[in-house]
file target.tsv (TSV, C-alpha atoms)
chain	number	residue	atom	x	y	z
A	5	MET	CA	15.97	0.54	10.81
A	6	SER	CA	12.46	1.52	9.69
A	7	ASP	CA	11.41	0.95	6.09
A	8	ALA	CA	11.03	4.70	5.49
A	9	ARG	CA	14.50	5.37	6.86
A	10	ALA	CA	15.98	2.65	4.64
A	11	ALA	CA	14.36	4.31	1.62
A	12	ALA	CA	15.81	7.69	2.65
A	13	ARG	CA	19.27	6.15	2.80
A	14	ALA	CA	18.79	4.58	-0.63
A	15	ILE	CA	17.75	7.93	-2.10
A	16	ASP	CA	20.86	9.53	-0.63
A	17	ALA	CA	23.02	6.71	-2.03
A	18	LEU	CA	21.65	7.23	-5.54
A	19	ARG	CA	22.50	10.93	-5.43
A	20	ARG	CA	26.05	10.06	-4.32
A	21	GLY	CA	26.61	7.51	-7.08
A	22	TRP	CA	26.53	4.43	-4.86
A	23	PRO	CA	24.86	1.17	-5.95
A	24	VAL	CA	21.44	0.39	-4.49
A	25	ALA	CA	19.69	-3.00	-4.34
A	26	ILE	CA	15.89	-3.18	-4.64
A	27	ALA	CA	13.73	-6.26	-4.05
A	28	GLY	CA	10.50	-7.05	-5.91
A	29	VAL	CA	8.18	-10.04	-5.91
A	30	ASP	CA	10.25	-11.85	-8.56
A	31	GLY	CA	13.67	-11.10	-7.10
A	32	ALA	CA	16.07	-8.23	-6.57
A	33	ILE	CA	18.15	-5.99	-8.79
A	34	GLU	CA	21.13	-3.74	-8.09
A	35	VAL	CA	21.38	-0.40	-9.86
A	36	LEU	CA	24.04	2.26	-10.39
A	37	ALA	CA	22.66	5.68	-11.37
A	38	ILE	CA	24.19	6.91	-14.62
A	39	GLU	CA	23.88	10.59	-13.70
A	40	SER	CA	25.81	10.31	-10.44
A	41	GLY	CA	28.18	7.49	-11.45
A	42	ASP	CA	31.40	7.53	-13.45
A	43	ALA	CA	33.54	5.16	-15.50
A	44	ASN	CA	35.49	3.88	-12.48
A	45	ARG	CA	32.34	3.07	-10.53
A	46	LEU	CA	30.94	1.32	-13.57
A	47	ALA	CA	34.09	-0.81	-13.85
A	48	ALA	CA	33.62	-1.91	-10.24
A	49	PHE	CA	29.91	-2.50	-10.82
A	50	ASP	CA	30.58	-4.59	-13.94
A	51	VAL	CA	32.65	-7.21	-12.10
A	52	GLY	CA	31.45	-10.64	-13.23
A	53	GLU	CA	29.67	-9.54	-16.39
A	54	PRO	CA	28.70	-6.22	-17.95
A	55	ALA	CA	25.52	-4.72	-16.51
A	56	ASP	CA	22.61	-3.80	-18.80
A	57	VAL	CA	21.07	-0.33	-18.98
A	58	LEU	CA	17.67	0.51	-17.51
A	59	LEU	CA	15.71	3.46	-18.93
A	60	SER	CA	12.13	4.63	-18.77
A	61	ALA	CA	9.80	3.90	-21.66
A	62	GLY	CA	9.41	7.59	-22.42
A	63	ARG	CA	13.14	8.02	-22.88
A	64	ALA	CA	13.48	4.71	-24.74
A	65	ALA	CA	10.73	5.73	-27.17
A	66	THR	CA	12.66	8.90	-27.95
A	67	LEU	CA	15.62	6.68	-28.86
A	68	LYS	CA	13.35	4.36	-30.93
A	69	LEU	CA	13.99	1.55	-28.44
A	70	ALA	CA	10.39	1.12	-27.30
A	71	ASN	CA	7.11	0.82	-29.16
A	72	GLN	CA	4.08	3.09	-28.82
A	73	ALA	CA	2.45	0.77	-26.28
A	74	ASP	CA	5.50	1.07	-24.04
A	75	ALA	CA	5.57	4.84	-24.41
A	76	ALA	CA	1.96	5.10	-23.26
A	77	VAL	CA	3.36	4.65	-19.74
A	78	PRO	CA	6.43	6.91	-19.96
A	79	ASP	CA	7.84	6.04	-16.53
A	80	ALA	CA	7.66	2.25	-17.08
A	81	PRO	CA	11.02	0.40	-17.28
A	82	VAL	CA	12.82	-0.63	-20.48
A	83	ARG	CA	16.00	-2.72	-20.38
A	84	ILE	CA	18.73	-2.22	-22.99
A	85	ALA	CA	21.13	-5.11	-23.58
A	86	ARG	CA	24.75	-4.20	-22.94
A	87	ALA	CA	26.90	-4.09	-26.05
A	88	PRO	CA	30.70	-3.72	-26.27
A	89	TRP	CA	30.33	-0.11	-27.42
A	90	LEU	CA	27.92	0.78	-24.61
A	91	ASP	CA	30.45	2.26	-22.20
A	92	PHE	CA	29.84	4.95	-19.59
A	93	ALA	CA	30.03	7.81	-22.10
A	94	ALA	CA	27.56	6.10	-24.44
A	95	ALA	CA	25.22	5.37	-21.53
A	96	THR	CA	25.32	9.03	-20.51
A	97	ALA	CA	24.29	10.00	-24.02
A	98	LEU	CA	21.43	7.49	-23.80
A	99	ALA	CA	20.27	8.82	-20.44
A	100	ASP	CA	20.48	12.58	-20.91
A	101	PRO	CA	18.54	14.22	-23.77
A	102	GLN	CA	20.65	17.36	-23.61
A	103	PHE	CA	23.23	15.35	-25.56
A	104	ASP	CA	20.79	14.26	-28.30
A	105	LEU	CA	21.79	16.99	-30.74
A	106	ALA	CA	25.50	16.43	-30.10
A	107	THR	CA	25.20	12.63	-30.48
A	108	PRO	CA	22.33	12.05	-32.91
A	109	LEU	CA	23.54	8.61	-34.04
A	110	LYS	CA	23.50	6.14	-31.16
A	111	GLY	CA	23.68	2.38	-31.17
A	112	PRO	CA	22.79	-0.03	-32.42
A	113	PHE	CA	21.09	-1.02	-29.18
A	114	ARG	CA	18.56	-3.71	-28.42
A	115	ALA	CA	15.66	-3.64	-25.96
A	116	VAL	CA	15.20	-6.94	-24.13
A	117	PRO	CA	12.53	-8.23	-21.71
A	118	VAL	CA	12.58	-6.58	-18.30
A	119	ASP	CA	13.25	-9.21	-15.65
A	120	ARG	CA	12.10	-8.34	-12.14
A	121	ALA	CA	9.97	-5.57	-13.58
A	122	ASP	CA	8.47	-4.32	-10.32
A	123	ALA	CA	11.93	-3.77	-8.83
A	124	ALA	CA	12.99	-2.01	-12.06
A	125	ALA	CA	9.96	0.28	-11.91
A	126	ALA	CA	10.76	1.04	-8.27
A	127	ALA	CA	14.30	2.05	-9.25
A	128	LEU	CA	12.93	4.59	-11.74
A	129	ARG	CA	10.59	5.88	-9.05
A	130	LEU	CA	13.49	6.30	-6.63
A	131	ALA	CA	15.39	8.30	-9.25
A	132	ARG	CA	12.50	10.76	-9.54
A	133	ILE	CA	12.30	11.12	-5.76
A	134	ALA	CA	16.06	11.72	-5.67
A	135	GLY	CA	15.81	14.34	-8.43
A	136	ILE	CA	18.12	12.53	-10.84
A	137	LEU	CA	17.62	11.15	-14.33
A	138	PRO	CA	15.76	7.80	-14.36
A	139	ALA	CA	18.58	5.83	-15.98
A	140	PHE	CA	20.76	3.10	-14.50
A	141	PHE	CA	23.18	0.31	-15.08
A	142	VAL	CA	21.36	-2.74	-13.74
A	143	ARG	CA	22.14	-6.33	-12.80
A	144	TRP	CA	20.47	-9.09	-10.83
A	145	TYR	CA	21.09	-9.13	-7.10
A	146	GLU	CA	21.07	-12.25	-4.98
A	147	GLY	CA	21.77	-10.72	-1.55
A	148	THR	CA	19.25	-10.57	1.27
A	149	ASP	CA	19.56	-6.90	2.19
A	150	ALA	CA	17.79	-5.30	-0.79
A	151	LEU	CA	15.38	-2.43	-0.21
A	152	PRO	CA	11.76	-3.66	-0.37
A	153	ILE	CA	9.31	-1.70	-2.50
A	154	ALA	CA	7.16	-1.27	0.60
A	155	ALA	CA	9.95	0.88	2.04
A	156	ILE	CA	9.55	3.38	-0.81
A	157	ASP	CA	5.80	3.39	-0.23
A	158	ALA	CA	6.40	4.11	3.47
A	159	HIS	CA	8.80	6.95	2.67
A	160	GLU	CA	6.24	8.56	0.33
A	161	ASP	CA	3.18	7.89	2.50
A	162	ALA	CA	1.35	11.21	2.88
A	163	GLY	CA	-0.36	9.85	5.98
A	164	ARG	CA	2.93	10.23	7.87
A	165	LEU	CA	2.93	13.98	7.33
A	166	ALA	CA	2.54	16.00	10.55
A	167	ILE	CA	2.52	19.64	11.58
A	168	ALA	CA	6.04	20.64	12.59
A	169	ALA	CA	5.63	24.34	13.43
A	170	ARG	CA	3.33	27.31	12.96
A	171	ALA	CA	3.66	31.05	13.41
A	172	ARG	CA	2.12	34.39	12.50
A	173	LEU	CA	3.48	35.64	9.17
A	174	PRO	CA	2.34	39.04	7.91
A	175	VAL	CA	2.57	39.10	4.11
A	176	ALA	CA	1.95	41.85	1.60
A	177	GLU	CA	-1.52	40.56	0.75
A	178	ALA	CA	-2.58	39.69	4.31
A	179	GLU	CA	-1.01	41.07	7.45
A	180	ASP	CA	-2.94	38.62	9.63
A	181	ALA	CA	-1.67	35.50	7.83
A	182	GLU	CA	-0.38	32.40	9.60
A	183	ILE	CA	2.15	29.92	8.20
A	184	VAL	CA	2.12	26.22	9.06
A	185	ALA	CA	4.97	23.82	8.19
A	186	PHE	CA	4.50	20.08	7.62
A	187	ARG	CA	7.06	17.29	7.33
A	188	THR	CA	7.67	13.59	7.74
A	189	PRO	CA	10.54	12.21	9.85
A	190	GLU	CA	12.81	11.13	6.98
A	191	ALA	CA	11.92	13.33	4.00
A	192	ALA	CA	14.31	16.19	3.27
A	193	GLY	CA	11.79	18.91	2.38
A	194	GLU	CA	8.85	20.52	4.11
A	195	HIS	CA	5.47	21.58	2.73
A	196	VAL	CA	3.81	24.73	4.04
A	197	ALA	CA	0.33	26.23	4.27
A	198	LEU	CA	-0.41	29.94	4.44
A	199	LEU	CA	-3.72	30.69	6.16
A	200	ILE	CA	-5.32	33.95	5.02
A	201	GLY	CA	-8.00	35.49	7.24
A	202	GLN	CA	-10.07	33.64	9.82
A	203	PRO	CA	-12.44	30.65	9.46
A	204	THR	CA	-16.00	31.76	8.72
A	205	GLY	CA	-17.77	28.41	8.84
A	206	ALA	CA	-17.88	28.33	5.04
A	207	PRO	CA	-15.51	26.19	2.95
A	208	PRO	CA	-12.19	28.05	2.57
A	209	LEU	CA	-10.89	29.10	-0.82
A	210	VAL	CA	-7.89	26.80	-1.35
A	211	ARG	CA	-5.06	26.93	-3.84
A	212	LEU	CA	-2.67	23.98	-4.38
A	213	HIS	CA	0.52	25.63	-5.58
A	214	SER	CA	3.50	23.48	-6.51
A	215	GLU	CA	6.87	25.03	-5.77
A	216	CYS	CA	8.39	26.92	-8.70
A	217	LEU	CA	11.66	28.61	-7.82
A	218	THR	CA	12.04	30.18	-11.24
A	219	GLY	CA	8.50	31.56	-11.35
A	220	ASP	CA	7.77	32.31	-7.70
A	221	ALA	CA	11.12	33.81	-6.67
A	222	LEU	CA	12.83	34.87	-9.90
A	223	GLY	CA	9.87	36.09	-11.93
A	224	SER	CA	10.22	33.67	-14.84
A	225	LEU	CA	7.99	34.45	-17.81
A	226	LYS	CA	8.18	30.89	-19.16
A	227	CYS	CA	5.31	29.79	-16.89
A	228	ASP	CA	2.40	31.42	-15.07
A	229	CYS	CA	3.35	30.24	-11.57
A	230	GLY	CA	4.42	33.54	-10.01
A	231	PRO	CA	1.36	35.51	-11.17
A	232	GLN	CA	-0.91	32.61	-10.15
A	233	LEU	CA	0.58	32.60	-6.67
A	234	GLN	CA	0.08	36.32	-6.14
A	235	ALA	CA	-3.40	36.30	-7.71
A	236	ALA	CA	-4.40	33.43	-5.41
A	237	LEU	CA	-3.38	35.40	-2.32
A	238	ARG	CA	-5.36	38.41	-3.53
A	239	ALA	CA	-8.41	36.24	-4.17
A	240	MET	CA	-8.20	34.75	-0.68
A	241	ARG	CA	-7.90	38.18	0.91
A	242	ALA	CA	-10.94	39.36	-1.05
A	243	ASP	CA	-12.85	36.23	-0.06
A	244	GLY	CA	-11.95	36.70	3.60
A	245	TRP	CA	-10.86	33.11	4.31
A	246	GLY	CA	-8.45	30.94	2.37
A	247	ILE	CA	-5.54	28.52	2.49
A	248	LEU	CA	-2.56	28.42	0.16
A	249	LEU	CA	-0.88	25.00	0.16
A	250	TYR	CA	2.70	25.39	-1.05
A	251	LEU	CA	3.79	21.91	-2.14
A	252	ARG	CA	7.49	21.08	-2.50
A	253	GLN	CA	6.95	19.31	-5.83
A	254	GLU	CA	9.08	21.38	-8.19
A	255	GLY	CA	8.65	20.77	-11.91
A	256	ARG	CA	5.47	18.69	-11.53
A	257	GLY	CA	7.32	16.40	-9.18
A	258	ILE	CA	10.63	15.89	-11.04
A	259	GLY	CA	12.79	18.37	-9.13
A	260	LEU	CA	14.55	21.62	-9.97
A	261	VAL	CA	17.51	20.23	-11.95
A	262	ASN	CA	15.28	18.09	-14.15
A	263	LYS	CA	12.89	20.99	-14.64
A	264	LEU	CA	15.77	23.09	-15.95
A	265	ARG	CA	16.67	20.23	-18.29
A	266	ALA	CA	13.07	20.33	-19.51
A	267	TYR	CA	13.42	24.08	-20.07
A	268	ALA	CA	16.47	23.44	-22.24
A	269	LEU	CA	14.48	20.94	-24.31
A	270	GLN	CA	11.69	23.48	-24.67
A	271	ASP	CA	14.26	25.86	-26.13
A	272	GLN	CA	14.91	23.17	-28.75
A	273	GLY	CA	11.23	23.21	-29.73
A	274	PHE	CA	9.61	20.57	-27.52
A	275	ASP	CA	6.56	21.45	-25.45
A	276	THR	CA	6.45	20.82	-21.71
A	277	VAL	CA	4.79	17.41	-22.06
A	278	ASP	CA	7.28	16.07	-24.60
A	279	ALA	CA	10.19	17.54	-22.65
A	280	ASN	CA	9.19	15.59	-19.53
A	281	THR	CA	8.77	12.32	-21.40
A	282	ARG	CA	12.06	12.75	-23.30
A	283	LEU	CA	13.73	13.05	-19.90
A	284	GLY	CA	12.07	9.79	-18.92
A	285	PHE	CA	9.40	11.02	-16.53
A	286	ALA	CA	5.63	10.89	-16.36
A	287	ILE	CA	3.79	13.93	-17.68
A	288	ASP	CA	2.82	14.86	-14.11
A	289	ALA	CA	4.43	13.09	-11.14
A	290	ARG	CA	2.91	15.18	-8.34
A	291	ASP	CA	1.17	13.60	-5.36
A	292	PHE	CA	-1.89	15.60	-4.37
A	293	GLY	CA	-2.55	13.19	-1.52
A	294	VAL	CA	-0.03	15.34	0.35
A	295	ALA	CA	-2.36	18.32	-0.03
A	296	ALA	CA	-5.31	16.29	1.22
A	297	ARG	CA	-3.36	15.28	4.32
A	298	MET	CA	-2.40	18.91	5.00
A	299	LEU	CA	-6.02	20.01	4.78
A	300	LYS	CA	-7.13	17.27	7.15
A	301	LEU	CA	-4.46	18.26	9.67
A	302	LEU	CA	-5.81	21.81	9.43
A	303	GLY	CA	-9.33	20.52	10.08
A	304	GLN	CA	-10.64	21.41	6.62
A	305	THR	CA	-12.35	18.61	4.68
A	306	ARG	CA	-14.73	20.72	2.58
A	307	ILE	CA	-13.22	23.42	0.36
A	308	ARG	CA	-13.60	25.63	-2.67
A	309	LEU	CA	-10.66	24.90	-4.98
A	310	LEU	CA	-8.99	27.65	-6.98
A	311	THR	CA	-7.74	25.75	-10.04
A	312	ASN	CA	-8.04	25.17	-13.77
A	313	ASN	CA	-6.91	21.54	-13.41
A	314	PRO	CA	-9.74	18.98	-13.00
A	315	GLU	CA	-7.15	16.38	-11.95
A	316	LYS	CA	-6.58	18.29	-8.72
A	317	VAL	CA	-10.30	18.12	-7.95
A	318	ALA	CA	-10.43	14.39	-8.64
A	319	SER	CA	-7.29	13.66	-6.61
A	320	LEU	CA	-8.49	15.59	-3.56
A	321	GLU	CA	-11.93	14.01	-3.65
A	322	ALA	CA	-10.39	10.53	-3.95
A	323	ALA	CA	-8.38	11.34	-0.81
A	324	GLY	CA	-11.44	12.36	1.21
A	325	ILE	CA	-11.65	16.12	0.61
A	326	ALA	CA	-15.03	17.39	-0.63
A	327	VAL	CA	-14.65	20.05	-3.30
A	328	ALA	CA	-17.79	22.18	-3.06
A	329	GLU	CA	-16.77	24.36	-6.00
A	330	ARG	CA	-14.01	24.65	-8.58
A	331	VAL	CA	-13.14	28.32	-8.91
A	332	PRO	CA	-11.37	29.20	-12.21
A	333	HIS	CA	-7.95	30.79	-11.92
A	334	LYS	CA	-7.18	32.34	-15.28
A	335	LEU	CA	-4.50	34.91	-16.00
A	336	PRO	CA	-3.51	36.57	-19.29
A	337	PRO	CA	-0.60	35.00	-21.19
A	338	ASN	CA	2.62	36.71	-22.15
A	339	PRO	CA	4.72	36.12	-25.30
A	340	HIS	CA	7.00	33.69	-23.42
A	341	ASN	CA	4.34	31.39	-21.94
A	342	GLU	CA	1.64	31.34	-24.65
A	343	ARG	CA	2.76	27.92	-25.90
A	344	TYR	CA	3.10	26.57	-22.35
A	345	LEU	CA	-0.49	27.57	-21.54
A	346	ALA	CA	-1.75	26.14	-24.83
A	347	THR	CA	-0.04	22.82	-23.98
A	348	LYS	CA	-1.74	22.78	-20.57
A	349	ARG	CA	-5.07	23.34	-22.29
A	350	ASP	CA	-4.65	20.95	-25.21
A	351	ARG	CA	-2.57	18.12	-23.72
A	352	THR	CA	-3.15	18.01	-19.97
A	353	GLY	CA	-6.83	18.96	-19.74
A	354	HIS	CA	-6.57	22.34	-18.02
A	355	GLN	CA	-9.78	24.30	-18.44
A	356	LEU	CA	-8.39	27.54	-19.82
call {"tool": "encode", "arguments": {"input": "target.tsv", "output": "structure tokens"}}
result
Amino acid sequence: MSDARAAARAIDALRRGWPVAIAGVDGAIEVLAIESGDANRLAAFDVGEPADVLLSAGRAATLKLANQADAAVPDAPVRIARAPWLDFAAATALADPQFDLATPLKGPFRAVPVDRADAAAAALRLARIAGILPAFFVRWYEGTDALPIAAIDAHEDAGRLAIAARARLPVAEAEDAEIVAFRTPEAAGEHVALLIGQPTGAPPLVRLHSECLTGDALGSLKCDCGPQLQAALRAMRADGWGILLYLRQEGRGIGLVNKLRAYALQDQGFDTVDANTRLGFAIDARDFGVAARMLKLLGQTRIRLLTNNPEKVASLEAAGIAVAERVPHKLPPNPHNERYLATKRDRTGHQL
């Protein structure tokens, strides 16, 4: 079995509530995802001695179980010592911030040193890829069949992306458009590019657009994704030559279910940055190396980038794409997304 295929099977196992073993340089751990597990599976997992709990630093800081230095890297691992009162229900309350208001008094709990830290960090990374909360029961593992961290790297390697299919796709903004689909052998989702117009010899106007079901398809007013998508297509049509890269990285890379959890936290008063870290994720977990690979497969290594996010420019250039110009992409706010846009400006460096 290839490393990438082994990682795909591990991701599937996490979503199904099955234990997964991961090997790092200092040894291996075995984890049981709290979100997809249950009390019976925990009882089977606890055979020998009770397993500890593994959370991300961002989530642990919310629970006052990590210091500010830990929280500076919100997706780093924090290990919580198992206590007699830390059963499956209590662990669920630790893992999922939607229960914070219902269970405000938790503990006492104690953070302890993270043994086999690289394997623990890999487990949290796998949770994000699987679209589940980064929270586990964890124990040491002495078997020889643990998933190596290199397997996760292979599964996520943008260099393995290839063109799978392409076809003419007339769209409202461009009847001569062409759609191109990209995928890797093991990954579940596909990325797509929409080519507007014909190459002119000049750098194309390019938009990196991360999937947003709520904004793109349902017209959500909580973000600016839908209007940005349509405005980008109009700008490309006006320019005569452009490429929309539609990246399957919902919720800044945390997945649809976790994005909806973040929405619920925003309704409680948290901004989008704090909502992501309370869930236990990095502020932005997207991989723009995927976009760079797509552009290279399309034969475009010099572009004009339609974005307000300097991080996209830096990421593409680091991956070998020359950005000849950053073209601003500003749209008026509405009463529902004013705070969201202000957070992008003030906390994530968007040039609005």
call {"tool": "closest_residue", "arguments": {"input": "target.tsv", "among": "A:Ile307, A:Val261, A:Ala94, A:Val175", "to": "Leu320 in chain A", "atoms": "all atoms listed in the file"}}
result
A:Ile307
call {"tool": "residues_around", "arguments": {"input": "target.tsv", "residues": "Ala134 in chain A", "least_positions_apart": "2", "cutoff": "12 Å", "atoms": "all atoms listed in the file", "output": "JSON, numbers by chain"}}
result
{"A": [11, 12, 13, 14, 15, 16, 17, 18, 19, 20, 21, 37, 39, 40, 127, 128, 129, 130, 131, 132, 136, 137, 138, 156, 160, 191, 192, 193, 253, 257, 258, 259, 260, 261, 262]}
call {"tool": "write_last_selection", "arguments": {"input": "target.tsv", "atoms": "C-alpha atoms", "output": "mmCIF file, in the coordinates of the input"}}
result
data_model
loop_
_atom_site.group_PDB
_atom_site.id
_atom_site.type_symbol
_atom_site.label_atom_id
_atom_site.label_comp_id
_atom_site.auth_asym_id
_atom_site.auth_seq_id
_atom_site.Cartn_x
_atom_site.Cartn_y
_atom_site.Cartn_z
ATOM 1 C CA ALA A 11 14.360 4.310 1.620
ATOM 2 C CA ALA A 12 15.810 7.690 2.650
ATOM 3 C CA ARG A 13 19.270 6.150 2.800
ATOM 4 C CA ALA A 14 18.790 4.580 -0.630
ATOM 5 C CA ILE A 15 17.750 7.930 -2.100
ATOM 6 C CA ASP A 16 20.860 9.530 -0.630
ATOM 7 C CA ALA A 17 23.020 6.710 -2.030
ATOM 8 C CA LEU A 18 21.650 7.230 -5.540
ATOM 9 C CA ARG A 19 22.500 10.930 -5.430
ATOM 10 C CA ARG A 20 26.050 10.060 -4.320
ATOM 11 C CA GLY A 21 26.610 7.510 -7.080
ATOM 12 C CA ALA A 37 22.660 5.680 -11.370
ATOM 13 C CA GLU A 39 23.880 10.590 -13.700
ATOM 14 C CA SER A 40 25.810 10.310 -10.440
ATOM 15 C CA ALA A 127 14.300 2.050 -9.250
ATOM 16 C CA LEU A 128 12.930 4.590 -11.740
ATOM 17 C CA ARG A 129 10.590 5.880 -9.050
ATOM 18 C CA LEU A 130 13.490 6.300 -6.630
ATOM 19 C CA ALA A 131 15.390 8.300 -9.250
ATOM 20 C CA ARG A 132 12.500 10.760 -9.540
ATOM 21 C CA ILE A 136 18.120 12.530 -10.840
ATOM 22 C CA LEU A 137 17.620 11.150 -14.330
ATOM 23 C CA PRO A 138 15.760 7.800 -14.360
ATOM 24 C CA ILE A 156 9.550 3.380 -0.810
ATOM 25 C CA GLU A 160 6.240 8.560 0.330
ATOM 26 C CA ALA A 191 11.920 13.330 4.000
ATOM 27 C CA ALA A 192 14.310 16.190 3.270
ATOM 28 C CA GLY A 193 11.790 18.910 2.380
ATOM 29 C CA GLN A 253 6.950 19.310 -5.830
ATOM 30 C CA GLY A 257 7.320 16.400 -9.180
ATOM 31 C CA ILE A 258 10.630 15.890 -11.040
ATOM 32 C CA GLY A 259 12.790 18.370 -9.130
ATOM 33 C CA LEU A 260 14.550 21.620 -9.970
ATOM 34 C CA VAL A 261 17.510 20.230 -11.950
ATOM 35 C CA ASN A 262 15.280 18.090 -14.150
#
call {"tool": "closest_residue", "arguments": {"input": "target.tsv", "among": "A:Val317, A:Cys227, A:Ala268, A:Leu237", "to": "His340 in chain A", "atoms": "all atoms listed in the file"}}
result
A:Cys227
call {"tool": "atom_distance", "arguments": {"input": "target.tsv", "atom1": "CA of Ala158 in chain A", "atom2": "CA of Ile287 in chain A"}}
result
23.5 Å
call {"tool": "atom_distance", "arguments": {"input": "target.tsv", "atom1": "CA of Leu302 in chain A", "atom2": "CA of Ile183 in chain A"}}
result
11.4 Å
call {"tool": "closest_residue", "arguments": {"input": "target.tsv", "among": "A:Gly111, A:Pro174, A:Pro23, A:Pro54", "to": "Leu98 in chain A", "atoms": "only C-alpha atoms"}}
result
A:Gly111
call {"tool": "closest_residue", "arguments": {"input": "target.tsv", "among": "A:Ile38, A:Ala235, A:Leu225, A:Ala80", "to": "Tyr267 in chain A", "atoms": "all atoms listed in the file"}}
result
A:Leu225
call {"tool": "residues_around", "arguments": {"input": "target.tsv", "residues": "range 211-217 of chain A", "least_positions_apart": "6", "cutoff": "10 Å", "atoms": "all atoms listed in the file", "output": "ChimeraX atom specification"}}
result
/A:195,197-198,223-224,227-230,232-233,236-237,239-240,246-257,259-260,263,290,292,295-296,307-311,316,331,333
call {"tool": "closest_residue", "arguments": {"input": "target.tsv", "among": "A:Arg241, A:Arg83, A:Arg282, A:Arg9", "to": "Asp119 in chain A", "atoms": "only C-alpha atoms"}}
result
A:Arg83
call {"tool": "closest_residue", "arguments": {"input": "target.tsv", "among": "A:Ile84, A:Gly273, A:Pro231, A:Gly303", "to": "Gly219 in chain A", "atoms": "only C-alpha atoms"}}
result
A:Pro231
call {"tool": "residues_near_point", "arguments": {"input": "target.tsv", "point": "(21.5, 13.7, -22.2)", "cutoff": "12 Å", "atoms": "all atoms listed in the file", "output": "PyMOL selection string"}}
result
chain A and resi 38-39+63+66-67+93-108+110+136-139+262+265-266+268-269+279+282-284
call {"tool": "residues_around", "arguments": {"input": "target.tsv", "residues": "Phe113 in chain A", "least_positions_apart": "5", "cutoff": "9 Å", "atoms": "only C-alpha atoms", "output": "list in words"}}
result
Leu69, Ile84, Ala85, Arg86, Ala87 and Leu90 of chain A
call {"tool": "atom_distance", "arguments": {"input": "target.tsv", "atom1": "CA of Arg187 in chain A", "atom2": "CA of Leu299 in chain A"}}
result
13.6 Å
call {"tool": "build_atoms", "arguments": {"input": "target.tsv", "residues": "range 281-295 of chain A", "atoms": "N, CA and C atoms", "output": "PDB file, keeping the file's coordinate frame"}}
result
ATOM      1  N   THR A 281       8.667  13.714 -20.996  1.00  0.00           N
ATOM      2  CA  THR A 281       8.770  12.320 -21.400  1.00  0.00           C
ATOM      3  C   THR A 281      10.127  12.012 -22.038  1.00  0.00           C
ATOM      4  N   ARG A 282      10.723  12.966 -22.751  1.00  0.00           N
ATOM      5  CA  ARG A 282      12.060  12.750 -23.300  1.00  0.00           C
ATOM      6  C   ARG A 282      13.087  12.578 -22.180  1.00  0.00           C
ATOM      7  N   LEU A 283      12.854  13.234 -21.064  1.00  0.00           N
ATOM      8  CA  LEU A 283      13.730  13.050 -19.900  1.00  0.00           C
ATOM      9  C   LEU A 283      13.504  11.701 -19.228  1.00  0.00           C
ATOM     10  N   GLY A 284      12.353  11.091 -19.499  1.00  0.00           N
ATOM     11  CA  GLY A 284      12.070   9.790 -18.920  1.00  0.00           C
ATOM     12  C   GLY A 284      11.072   9.801 -17.789  1.00  0.00           C
ATOM     13  N   PHE A 285      10.334  10.902 -17.633  1.00  0.00           N
ATOM     14  CA  PHE A 285       9.400  11.020 -16.530  1.00  0.00           C
ATOM     15  C   PHE A 285       7.959  10.972 -17.021  1.00  0.00           C
ATOM     16  N   ALA A 286       7.048  10.763 -16.066  1.00  0.00           N
ATOM     17  CA  ALA A 286       5.630  10.890 -16.360  1.00  0.00           C
ATOM     18  C   ALA A 286       5.311  12.346 -16.676  1.00  0.00           C
ATOM     19  N   ILE A 287       4.188  12.566 -17.330  1.00  0.00           N
ATOM     20  CA  ILE A 287       3.790  13.930 -17.680  1.00  0.00           C
ATOM     21  C   ILE A 287       3.590  14.767 -16.424  1.00  0.00           C
ATOM     22  N   ASP A 288       3.031  14.164 -15.380  1.00  0.00           N
ATOM     23  CA  ASP A 288       2.820  14.860 -14.110  1.00  0.00           C
ATOM     24  C   ASP A 288       3.024  13.858 -12.994  1.00  0.00           C
ATOM     25  N   ALA A 289       4.072  14.044 -12.196  1.00  0.00           N
ATOM     26  CA  ALA A 289       4.430  13.090 -11.140  1.00  0.00           C
ATOM     27  C   ALA A 289       4.079  13.602  -9.740  1.00  0.00           C
ATOM     28  N   ARG A 290       3.239  14.631  -9.659  1.00  0.00           N
ATOM     29  CA  ARG A 290       2.910  15.180  -8.340  1.00  0.00           C
ATOM     30  C   ARG A 290       1.958  14.278  -7.569  1.00  0.00           C
ATOM     31  N   ASP A 291       2.026  14.381  -6.255  1.00  0.00           N
ATOM     32  CA  ASP A 291       1.170  13.600  -5.360  1.00  0.00           C
ATOM     33  C   ASP A 291       0.266  14.575  -4.612  1.00  0.00           C
ATOM     34  N   PHE A 292      -0.986  14.676  -5.028  1.00  0.00           N
ATOM     35  CA  PHE A 292      -1.890  15.600  -4.370  1.00  0.00           C
ATOM     36  C   PHE A 292      -2.500  15.014  -3.100  1.00  0.00           C
ATOM     37  N   GLY A 293      -2.178  13.741  -2.808  1.00  0.00           N
ATOM     38  CA  GLY A 293      -2.550  13.190  -1.520  1.00  0.00           C
ATOM     39  C   GLY A 293      -1.887  13.928  -0.378  1.00  0.00           C
ATOM     40  N   VAL A 294      -0.720  14.505  -0.646  1.00  0.00           N
ATOM     41  CA  VAL A 294      -0.030  15.340   0.350  1.00  0.00           C
ATOM     42  C   VAL A 294      -0.900  16.535   0.722  1.00  0.00           C
ATOM     43  N   ALA A 295      -1.495  17.168  -0.292  1.00  0.00           N
ATOM     44  CA  ALA A 295      -2.360  18.320  -0.030  1.00  0.00           C
ATOM     45  C   ALA A 295      -3.574  17.917   0.786  1.00  0.00           C
TER      46      ALA A 295
END
